[in-house]
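> Let me begin by handing over the structure; questions about it come next.
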Amino acid sequence: MDMSILMQKSSIICTLKRSDDDSKLPGSLMVTKSVQVQCIINHWSQNTIELPSTGISHQFYQISSMGEVAIHPVFIQDLEHRPKIIRTEVEGIPLIDLSVLNSPDSSVSDDNLARLVSEIADASQKWGFFQVINHGVQSEYREKFFLASRKFFALPKEEKLKVKRDEVNPFGYYDTELTKNVRDWKEVFDISVDDPTFVPASHQPDDKELRQLTNQWPQYFPELREAYELYAEEILKLAFKLLELIALSLGLPKTRLNGFFKDHTSRIRLNHYPPCPTPDLALGVGRHKDGGALTILAQDDVGGLEVRRKTDGEWILVKPTPDAYIINVGDIVQVWSNDKYESVEHRVMVNSEKERFSIPLFFNPAYYTWVEPLEELINEQNPPPKYKAYNWGKFFSSRRRSNFKKLEVENLQIYHFRIN
Ligand SMILES: O=C(O)CCC(=O)C(=O)O
Ligand SMILES: [Fe+2]
């Protein structure tokens, strides 16, 4: 197979070819006479890919003197997973107003609260995703954190590499993450909300050893940590409010799930998606489901997040709504609810002109939590338990391994714990 993709962008015709056999890296890069370009992605043109087998470094993409653009094959999605660049307008995920939570008058809010809870139930069941407005998080803190994130990613590569995440410490900077064994077109900075935090030393079930981990911060850029601290406090309050709404929406007491989060292992991630010369071939993040309990995501005004619609499997773009948060239920809520709420697949498109920034909070329980369907939710309407219990810390450690290297086996998924 030899693919040629023609696209007209910024007055250059880009032709990309990929050989059938990815294993012949880097020979499958078809552009021979390449020159380093500074035009589309200035700061990324310095980036290199380390090919483990050869140790040879290559540019993320190359442009020949004929104007042909090639991105490195590690980023290229299989045909069936590539994004559609042309799309029609469709109804988006539900938008939910949380202002009743901030209302001081409790007698008025009883009815309103019931309405809100039923909106959450509906959205969680139909979409697994919704957006919230009037959520109580100060927009000033969010903007400051976005600005600090932008400045951090604009630092010279050597500075970012000083706080690089690795297989021992999962917190810090990283630009070579894989999703489903394909490289994402992004760079990230991961922060543990609880600092220091304890995680299982390995994914091996019998290994009881714990490892203490701390965040890494860039030495000459204190602004990032300061902005983070203000933001984290606010966004955590929202996370607990949403957790209580989810509990109520499942017919549980409001604080039923709170105990799991006493020693929570939540993470905040800064995502940076640089412009990509071939957005029809690569993804910012490949299709995936979030493994934790809830994700609370702030995105900028560029757009790119797509959600898989449950009714027909179509990819639906989540249009940016100023100051809104995008909420999705993760695998843990799917298991707790015994499949009443599903953790829905999503992915991120990139574009050739604009860089994009987003900031998710992955709201996760304590590492020692055994995740299983909640007994109150096993009843006549929803019998019997569909999953056996699994340990969240071990699940997370196992998942993380596949972010670093191509694995022969599929990474751990909740359906591996399904009872047939
Ligand atoms: O950047 C986004 O919009 C979503 C990112 C995402 O899905 C993730 O980091 O898990
Ligand atoms: Fe995600």
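Going through the structure tokens in order, the chains are called A, B, and so on, while each chain numbers its residues from 1 and the ligands are numbered from 1 in the order shown.
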List all protein, DNA and RNA residues that have an atom no more than 8 Å from any atom of ligand 2, counting only C-alpha atoms and all ligand atoms, and report them as a VMD selection string.
chain A and resid 285 288 to 290 295 345 to 347
> Store the residues picked out above, limited to N, CA and C atoms, as a JSON list (two decimals), in the first residue's frame.

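Writing the result to part06.json gives the following:
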```json
[["chain", "number", "residue", "atom", "x", "y", "z"],
["A", 285, "VAL", "N", -4.68, 13.28, 20.61],
["A", 285, "VAL", "CA", -4.77, 12.09, 21.45],
["A", 285, "VAL", "C", -5.64, 11.08, 20.69],
["A", 288, "HIS", "N", -9.69, 6.90, 23.02],
["A", 288, "HIS", "CA", -9.46, 6.24, 24.31],
["A", 288, "HIS", "C", -10.63, 6.54, 25.24],
["A", 289, "LYS", "N", -10.68, 5.79, 26.33],
["A", 289, "LYS", "CA", -11.63, 6.08, 27.41],
["A", 289, "LYS", "C", -10.80, 6.47, 28.61],
["A", 290, "ASP", "N", -11.31, 7.35, 29.46],
["A", 290, "ASP", "CA", -10.54, 7.73, 30.65],
["A", 290, "ASP", "C", -10.75, 6.66, 31.72],
["A", 295, "THR", "N", -13.58, 13.07, 34.67],
["A", 295, "THR", "CA", -12.61, 14.01, 34.11],
["A", 295, "THR", "C", -13.29, 15.36, 33.97],
["A", 345, "GLU", "N", -15.77, 6.77, 24.52],
["A", 345, "GLU", "CA", -14.53, 7.03, 23.80],
["A", 345, "GLU", "C", -14.47, 8.48, 23.30],
["A", 346, "HIS", "N", -13.28, 9.02, 23.33],
["A", 346, "HIS", "CA", -13.07, 10.35, 22.77],
["A", 346, "HIS", "C", -11.66, 10.45, 22.20],
["A", 347, "ARG", "N", -11.40, 11.51, 21.44],
["A", 347, "ARG", "CA", -10.09, 11.70, 20.83],
["A", 347, "ARG", "C", -9.91, 13.18, 20.53]]
```
> Let me have all residues with an atom within 9 Å of ligand 1, counting only C-alpha atoms and all ligand atoms, laid out as an MDAnalysis selection string.
chainID A and resid 188 269:273 284:291 295 297:300 303:306 318 326 345:349 356:362
> Please report as a Markdown table every residue of range 246-313 of chain A lying within 7 Å of range 191-206 of chain A, along with the nearest atom pair and their distance in Å (one decimal), using only C-alpha atoms.

```
| residue | atom | partner | partner_atom | distance |
| --- | --- | --- | --- | --- |
| A:Thr265 | CA | A:Asp194 | CA | 6.7 |
| A:Ser266 | CA | A:Val193 | CA | 5.6 |
| A:Arg267 | CA | A:Ser192 | CA | 4.6 |
| A:Ile268 | CA | A:Ile191 | CA | 5.2 |
| A:Arg269 | CA | A:Ile191 | CA | 6.2 |
```
> Write the residues of the preceding selection, restricted to C-alpha atoms, as a PDB file, in the first residue's frame.

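Contents of the output file part.pdb:
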```
ATOM      1  CA  THR A 265      -4.822  10.077  43.401  1.00  0.00           C
ATOM      2  CA  SER A 266      -6.069  12.837  41.121  1.00  0.00           C
ATOM      3  CA  ARG A 267      -3.858  14.403  38.474  1.00  0.00           C
ATOM      4  CA  ILE A 268      -3.930  17.654  36.586  1.00  0.00           C
ATOM      5  CA  ARG A 269      -2.496  17.573  33.093  1.00  0.00           C
TER       6      ARG A 269
END
```
> What's the separation between CA of Asn215 in chain A and CA of Arg165 in chain A, in Å to one decimal place?
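The value is 9.6 Å.
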> Could you please determine the separation between CA of Ala247 in chain A and CA of Val137 in chain A in Å, to one decimal place?
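It comes out at 20.9 Å.
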> Determine, for each residue of range 240-358 of chain A having at least one atom at most 9 Å from an atom of range 374-390 of chain A, the closest pair of atoms and their separation in Å to one decimal, counting only C-alpha atoms; order by chain and ascending number, as JSON lines.

```
{"residue": "A:Leu250", "atom": "CA", "partner": "A:Leu377", "partner_atom": "CA", "distance": 8.0}
{"residue": "A:Gly251", "atom": "CA", "partner": "A:Leu377", "partner_atom": "CA", "distance": 8.5}
{"residue": "A:Leu252", "atom": "CA", "partner": "A:Glu376", "partner_atom": "CA", "distance": 7.8}
{"residue": "A:Val335", "atom": "CA", "partner": "A:Tyr387", "partner_atom": "CA", "distance": 6.7}
{"residue": "A:Trp336", "atom": "CA", "partner": "A:Leu374", "partner_atom": "CA", "distance": 5.1}
{"residue": "A:Ser337", "atom": "CA", "partner": "A:Leu377", "partner_atom": "CA", "distance": 6.4}
{"residue": "A:Asn338", "atom": "CA", "partner": "A:Lys386", "partner_atom": "CA", "distance": 6.0}
{"residue": "A:Asp339", "atom": "CA", "partner": "A:Lys386", "partner_atom": "CA", "distance": 7.7}
{"residue": "A:Lys340", "atom": "CA", "partner": "A:Asn382", "partner_atom": "CA", "distance": 8.2}
```
> Set the distance at 12 Å and use only C-alpha atoms: which residues neighbour Val344 in chain A once local chain neighbours fewer than 3 positions away are removed? I'd like the list as a ChimeraX atom specification.
/A:123-130,287-291,294-295,306-311,313-316,327-334,339,341,347
> List as CSV every residue of range 242-348 of chain A that is in contact with range 364-367 of chain A, defined as an atom at most 7 Å from one of its atoms (using only C-alpha atoms), together with the nearest atom pair and the distance in Å rounded to one decimal, sorted by chain and then rising number.

```
residue,atom,partner,partner_atom,distance
A:Phe260,CA,A:Pro365,CA,5.2
A:Phe261,CA,A:Pro365,CA,4.6
A:Lys262,CA,A:Ala366,CA,6.8
A:Asp263,CA,A:Ala366,CA,4.8
A:His264,CA,A:Ala366,CA,4.3
A:Thr265,CA,A:Asn364,CA,5.2
A:Ser266,CA,A:Asn364,CA,4.7
A:Gly292,CA,A:Asn364,CA,5.1
A:Ala293,CA,A:Asn364,CA,5.4
```
> Residues of range 143-376 of chain A classed as strand (DSSP E or B) by DSSP on the backbone are to be reported as a ChimeraX atom specification.
/A:164,172-174,178-179,182-183,187-192,197-200,210-213,267-273,285-288,294-299,305-308,315-317,325-329,346-348,356-363,370-371
> Ranking A:Glu372, A:Asp78, A:Asp312, A:Asp323 by minimum distance to Lys180 in chain A and counting only C-alpha atoms, which one comes first?
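Answer, going by the shortest atom-to-atom distance: A:Asp78.
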> Could you check which of A:Leu412, A:Val132, A:Leu248, A:Leu283 is closest to Ile93 in chain A, using only C-alpha atoms?
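Using only C-alpha atoms, Ile93 in chain A sits closest to A:Val132.
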> Write out as a VMD selection string all residues of range 169-267 of chain A that DSSP puts in helix (DSSP H, G or I) for this structure's backbone.
chain A and resid 222 to 249 258 to 261
> Grab the CA of Asp184 in chain A to CA of Val302 in chain A distance for me, in Å with one decimal place.
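We find that CA of Asp184 in chain A and CA of Val302 in chain A lie 17.8 Å from each other.
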> Write out as a PDB file with C-alpha atoms, in the first residue's frame the residues lying within 7 Å of range 146-158 of chain A, counting only C-alpha atoms and excluding same-chain residues fewer than 6 positions away.

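New file out34.pdb:
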```pdb
ATOM      1  CA  GLU A 223       4.662  31.171  38.027  1.00  0.00           C
ATOM      2  CA  LEU A 224       3.536  27.724  36.911  1.00  0.00           C
ATOM      3  CA  ALA A 227      -0.965  29.416  39.135  1.00  0.00           C
ATOM      4  CA  LEU A 270      -1.442  20.418  30.863  1.00  0.00           C
TER       5      LEU A 270
END
```
> Name all residues at most 8 Å from Ile120 in chain A (count only C-alpha atoms; drop same-chain ones fewer than 2 positions away) and give them as a PyMOL selection string.
chain A and resi 96+116-118+122-124+245-246+249
> Can you work out which one of A:Val371, A:Ser103, A:Trp185, A:Leu213 has the shortest atom-to-atom distance to Glu167 in chain A, counting only C-alpha atoms?
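Counting only C-alpha atoms, the residue closest to Glu167 in chain A is A:Leu213.
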> Need the shell around Phe75 in chain A: protein/DNA/RNA residues with any atom at most 6 Å away, counting only C-alpha atoms. Skip same-chain ones fewer than 3 positions apart. Format as number ranges by chain?
A: 182-183, 282
